[in-house]
Amino acid sequence: MREVLHPTPIKAVRKPSGPVVIWNLIRRCNLTCKHCYTTSADIDFPGELTTPEIFLVMEDLKTFKVPVLILSGGEPLLHPDIFSISQRAKDMGFYVALSSNGTLITEDNIEKIAAINYQYIGISLDGIEQTHDQFRQKPGSFKDSIRGIRLCRKHGIKAGIRFTLTQDNVYDFPDMLKLMDDEDIDKFYLSHLNYGGRGNKNRKDDAAFQMTRQVMDQLFEACLNWEQQGIEREIVTGNNDADAVYFLHWVRKNFPEQVQHIKTKLEQWGGNASGVNVANIDNLGNVHPDTFWWHYHLGNVKERPFSEIWQDVSDPLMARLKQNPRPLKGRCQSCGYQKICNGNTRVRAQQIYNDAWAEDPGCYLTADEISPYYC
């Protein structure tokens with residue numbers, strides 16, 4: 001949106017030095033959220049990496065030039081050594097973020113959290129109070145999470161909302177945007193729920209797809225208004241790379257003079273990066289192409305260094321994820337925006353069709369919107 005209003009010169013594409021690593025340090029969590037991709041619970045899970053093992057992996061990640069560590073869970077603040085792990089990561093020069101439910105950020109530990117100087121803390125909310133508490137299955141969890149956000153803001157820590165869109169919380173979305181203003185929150189991350197099953201239903205009529213499109217329109221308008229007012233906010237969407245193409249069509253409609261510029265910028269961004277610039281290490285040390293591939297193991301850092309696992313293209317999934325262009329099928333193969341989307345989230349195709357290269361059942365774009373002639 002910033003490029004729409006204040007375009008900057010097109011520069012050569014800069015490739016990341018290594019993948020962003022989302023690291024589920026612990027599976028234990030004090031909540032039992034309905035859409036949890038790790039199926040966490042408030043119990044100890046056997047076989048998790050020890051802190052010395054975590055430190056050894058961090059050494060390999062640094063040598064491999066991984067720039068960013070996103071420390072997640074479960075609830076990472078339940079890890080007994082979360083602060084020593086975080087401090088070690090900061091001392092090693094990583095960009096360190098924390099992905100939390102926010103309920104355990106309290107007056108008792110905020111000084112320790114602030115002392116780490118995390119570059120960012122993302123706090124998950126699933127709606128306003130009643131909706132959130134139902135999703136989290138714990139009364140009072142919304143108030144606790146808001147308290148955590150406020151404490152971060154009070155101590156100068158960049159904090160943001162992580163919101164996973166479902167058919168059960170879509171009606172809270174306008175209030176979530178209002179919450180950004182009411183609490184002067186730094187960042188909003190909209191995650192599309194990584195589910196499929198709708199198959200080849202007509203995307204013009206499918207209620208879930210219409211819901212997604214309406215939410216994206218609301219998000220674009222809010223972002224535009226914030227930018228026009230000079231309010232510095234970071235707005236990100238994830239788990240559906242069709243968002244970038246939908247945004248380009250929004251630009252075509254509202255700022256037609258900027259279409260080519262935005263298209264070039266989006267092509268430089270490159271779309272889905274699972275298995276390339278995004279990686280996941282789970283609590284047991286298993287490596288995955290991203291956080292939604294927990295059923296598919298590339299290797300384990302207890303047995304092989306992450307750097308070796310990540311470069312091993314003898315694994316057929318990794319070989320094809322790194323391939324450019326990817327060997328897509330169906331409407332993804334014929335899509336005119338592969339350079340922008342890169343085939344979207346492959347795990348949905350794998351789960352629904354048992355074929356990681358089939359068309360993405362979660363793409364909400366119409367046939368006209370993906371037509372090469374619509375470019």
# chains A, B, ... in the order shown; residues from 1 in each chain; ligands from 1
call {"tool": "residues_around", "arguments": {"residues": "region 215-226 of chain A", "least_positions_apart": "2", "cutoff": "8 Å", "atoms": "only C-alpha atoms", "output": "list of chain:residue names"}}
result
A:Met1, A:Val170, A:Phe173, A:Pro174, A:Leu177, A:Met211, A:Thr212, A:Arg213, A:Gln228, A:Gln229, A:Gly230, A:Ile231, A:Glu232, A:Arg233, A:Ile235, A:Asp243, A:Phe247
call {"tool": "write_last_selection", "arguments": {"atoms": "N, CA, C and O atoms", "output": "PDB file, in the first residue's frame"}}
result
ATOM      1  N   MET A   1       0.829  -1.200   0.000  1.00  0.00           N
ATOM      2  CA  MET A   1       0.000   0.000   0.000  1.00  0.00           C
ATOM      3  C   MET A   1       0.865   1.252   0.000  1.00  0.00           C
ATOM      4  O   MET A   1       0.556   2.252  -0.644  1.00  0.00           O
ATOM      5  N   VAL A 170     -15.423 -14.370  11.562  1.00  0.00           N
ATOM      6  CA  VAL A 170     -15.363 -13.339  10.521  1.00  0.00           C
ATOM      7  C   VAL A 170     -16.133 -12.080  10.914  1.00  0.00           C
ATOM      8  O   VAL A 170     -15.734 -10.959  10.550  1.00  0.00           O
ATOM      9  N   PHE A 173     -14.208  -9.318  12.615  1.00  0.00           N
ATOM     10  CA  PHE A 173     -13.065  -8.714  11.932  1.00  0.00           C
ATOM     11  C   PHE A 173     -13.082  -7.178  11.970  1.00  0.00           C
ATOM     12  O   PHE A 173     -12.046  -6.571  12.271  1.00  0.00           O
ATOM     13  N   PRO A 174     -14.214  -6.504  11.674  1.00  0.00           N
ATOM     14  CA  PRO A 174     -14.201  -5.033  11.777  1.00  0.00           C
ATOM     15  C   PRO A 174     -13.803  -4.544  13.162  1.00  0.00           C
ATOM     16  O   PRO A 174     -13.094  -3.536  13.295  1.00  0.00           O
ATOM     17  N   LEU A 177     -10.040  -4.598  13.602  1.00  0.00           N
ATOM     18  CA  LEU A 177      -9.390  -3.422  13.018  1.00  0.00           C
ATOM     19  C   LEU A 177      -9.578  -2.200  13.925  1.00  0.00           C
ATOM     20  O   LEU A 177      -8.667  -1.382  14.079  1.00  0.00           O
ATOM     21  N   MET A 211     -16.494 -14.712   1.915  1.00  0.00           N
ATOM     22  CA  MET A 211     -16.083 -14.196   3.218  1.00  0.00           C
ATOM     23  C   MET A 211     -14.649 -13.687   3.157  1.00  0.00           C
ATOM     24  O   MET A 211     -14.337 -12.582   3.621  1.00  0.00           O
ATOM     25  N   THR A 212     -13.762 -14.482   2.563  1.00  0.00           N
ATOM     26  CA  THR A 212     -12.355 -14.107   2.470  1.00  0.00           C
ATOM     27  C   THR A 212     -12.196 -12.824   1.668  1.00  0.00           C
ATOM     28  O   THR A 212     -11.448 -11.914   2.060  1.00  0.00           O
ATOM     29  N   ARG A 213     -12.890 -12.733   0.545  1.00  0.00           N
ATOM     30  CA  ARG A 213     -12.779 -11.549  -0.316  1.00  0.00           C
ATOM     31  C   ARG A 213     -13.262 -10.294   0.412  1.00  0.00           C
ATOM     32  O   ARG A 213     -12.650  -9.222   0.314  1.00  0.00           O
ATOM     33  N   GLN A 228      -2.822   6.906   4.448  1.00  0.00           N
ATOM     34  CA  GLN A 228      -3.176   8.273   4.066  1.00  0.00           C
ATOM     35  C   GLN A 228      -3.125   9.218   5.259  1.00  0.00           C
ATOM     36  O   GLN A 228      -2.856  10.406   5.104  1.00  0.00           O
ATOM     37  N   GLN A 229      -3.352   8.673   6.461  1.00  0.00           N
ATOM     38  CA  GLN A 229      -3.287   9.486   7.671  1.00  0.00           C
ATOM     39  C   GLN A 229      -1.878   9.559   8.248  1.00  0.00           C
ATOM     40  O   GLN A 229      -1.649  10.245   9.242  1.00  0.00           O
ATOM     41  N   GLY A 230      -0.943   8.841   7.618  1.00  0.00           N
ATOM     42  CA  GLY A 230       0.421   8.836   8.115  1.00  0.00           C
ATOM     43  C   GLY A 230       0.615   8.010   9.363  1.00  0.00           C
ATOM     44  O   GLY A 230       1.574   8.222  10.115  1.00  0.00           O
ATOM     45  N   ILE A 231      -0.295   7.049   9.613  1.00  0.00           N
ATOM     46  CA  ILE A 231      -0.187   6.181  10.784  1.00  0.00           C
ATOM     47  C   ILE A 231       0.679   4.978  10.417  1.00  0.00           C
ATOM     48  O   ILE A 231       0.364   4.238   9.487  1.00  0.00           O
ATOM     49  N   GLU A 232       1.779   4.797  11.121  1.00  0.00           N
ATOM     50  CA  GLU A 232       2.726   3.719  10.820  1.00  0.00           C
ATOM     51  C   GLU A 232       2.220   2.400  11.381  1.00  0.00           C
ATOM     52  O   GLU A 232       2.231   2.185  12.592  1.00  0.00           O
ATOM     53  N   ARG A 233       1.759   1.545  10.512  1.00  0.00           N
ATOM     54  CA  ARG A 233       1.317   0.211  10.917  1.00  0.00           C
ATOM     55  C   ARG A 233       1.884  -0.799   9.932  1.00  0.00           C
ATOM     56  O   ARG A 233       2.078  -0.496   8.750  1.00  0.00           O
ATOM     57  N   ILE A 235       0.988  -4.295   8.187  1.00  0.00           N
ATOM     58  CA  ILE A 235      -0.129  -5.192   7.927  1.00  0.00           C
ATOM     59  C   ILE A 235       0.364  -6.332   7.047  1.00  0.00           C
ATOM     60  O   ILE A 235       0.918  -6.104   5.971  1.00  0.00           O
ATOM     61  N   ASP A 243      -3.621 -13.726  -1.940  1.00  0.00           N
ATOM     62  CA  ASP A 243      -3.834 -12.363  -1.449  1.00  0.00           C
ATOM     63  C   ASP A 243      -3.102 -11.333  -2.303  1.00  0.00           C
ATOM     64  O   ASP A 243      -3.609 -10.235  -2.545  1.00  0.00           O
ATOM     65  N   PHE A 247      -4.798  -8.354  -4.285  1.00  0.00           N
ATOM     66  CA  PHE A 247      -4.386  -6.968  -4.055  1.00  0.00           C
ATOM     67  C   PHE A 247      -4.067  -6.265  -5.372  1.00  0.00           C
ATOM     68  O   PHE A 247      -4.432  -5.106  -5.578  1.00  0.00           O
TER      69      PHE A 247
END
call {"tool": "select_by_dssp", "arguments": {"residues": "region 219-286 of chain A", "states": "helix (DSSP H, G or I)", "output": "PyMOL selection string"}}
result
chain A and resi 219-228+242-254+256-269
call {"tool": "closest_residue", "arguments": {"among": "A:Asn117, A:Thr345, A:Thr50, A:Thr63", "to": "Glu308 (chain A)", "atoms": "only C-alpha atoms"}}
result
A:Thr63
call {"tool": "residues_around", "arguments": {"residues": "Asn24 (chain A)", "least_positions_apart": "2", "cutoff": "8 Å", "atoms": "only C-alpha atoms", "output": "PyMOL selection string"}}
result
chain A and resi 22+26-27+71-74+76+280-283
call {"tool": "residues_around", "arguments": {"residues": "Ala349 (chain A)", "least_positions_apart": "4", "cutoff": "8 Å", "atoms": "only C-alpha atoms", "output": "JSON, numbers by chain"}}
result
{"A": [196, 345, 353, 354, 355, 356, 357, 358, 359, 360, 361]}
call {"tool": "residues_around", "arguments": {"residues": "region 180-189 of chain A", "least_positions_apart": "3", "cutoff": "9 Å", "atoms": "only C-alpha atoms", "output": "ChimeraX atom specification"}}
result
/A:122,146,149-150,153,158-164,175-177,232-238
call {"tool": "residues_around", "arguments": {"residues": "Arg320 (chain A)", "least_positions_apart": "4", "cutoff": "12 Å", "atoms": "only C-alpha atoms", "output": "ChimeraX atom specification"}}
result
/A:273-276,289,312-316,324-328,342-343,346,356-357
call {"tool": "residues_around", "arguments": {"residues": "Gly285 (chain A)", "least_positions_apart": "2", "cutoff": "12 Å", "atoms": "only C-alpha atoms", "output": "count of residues only"}}
result
35
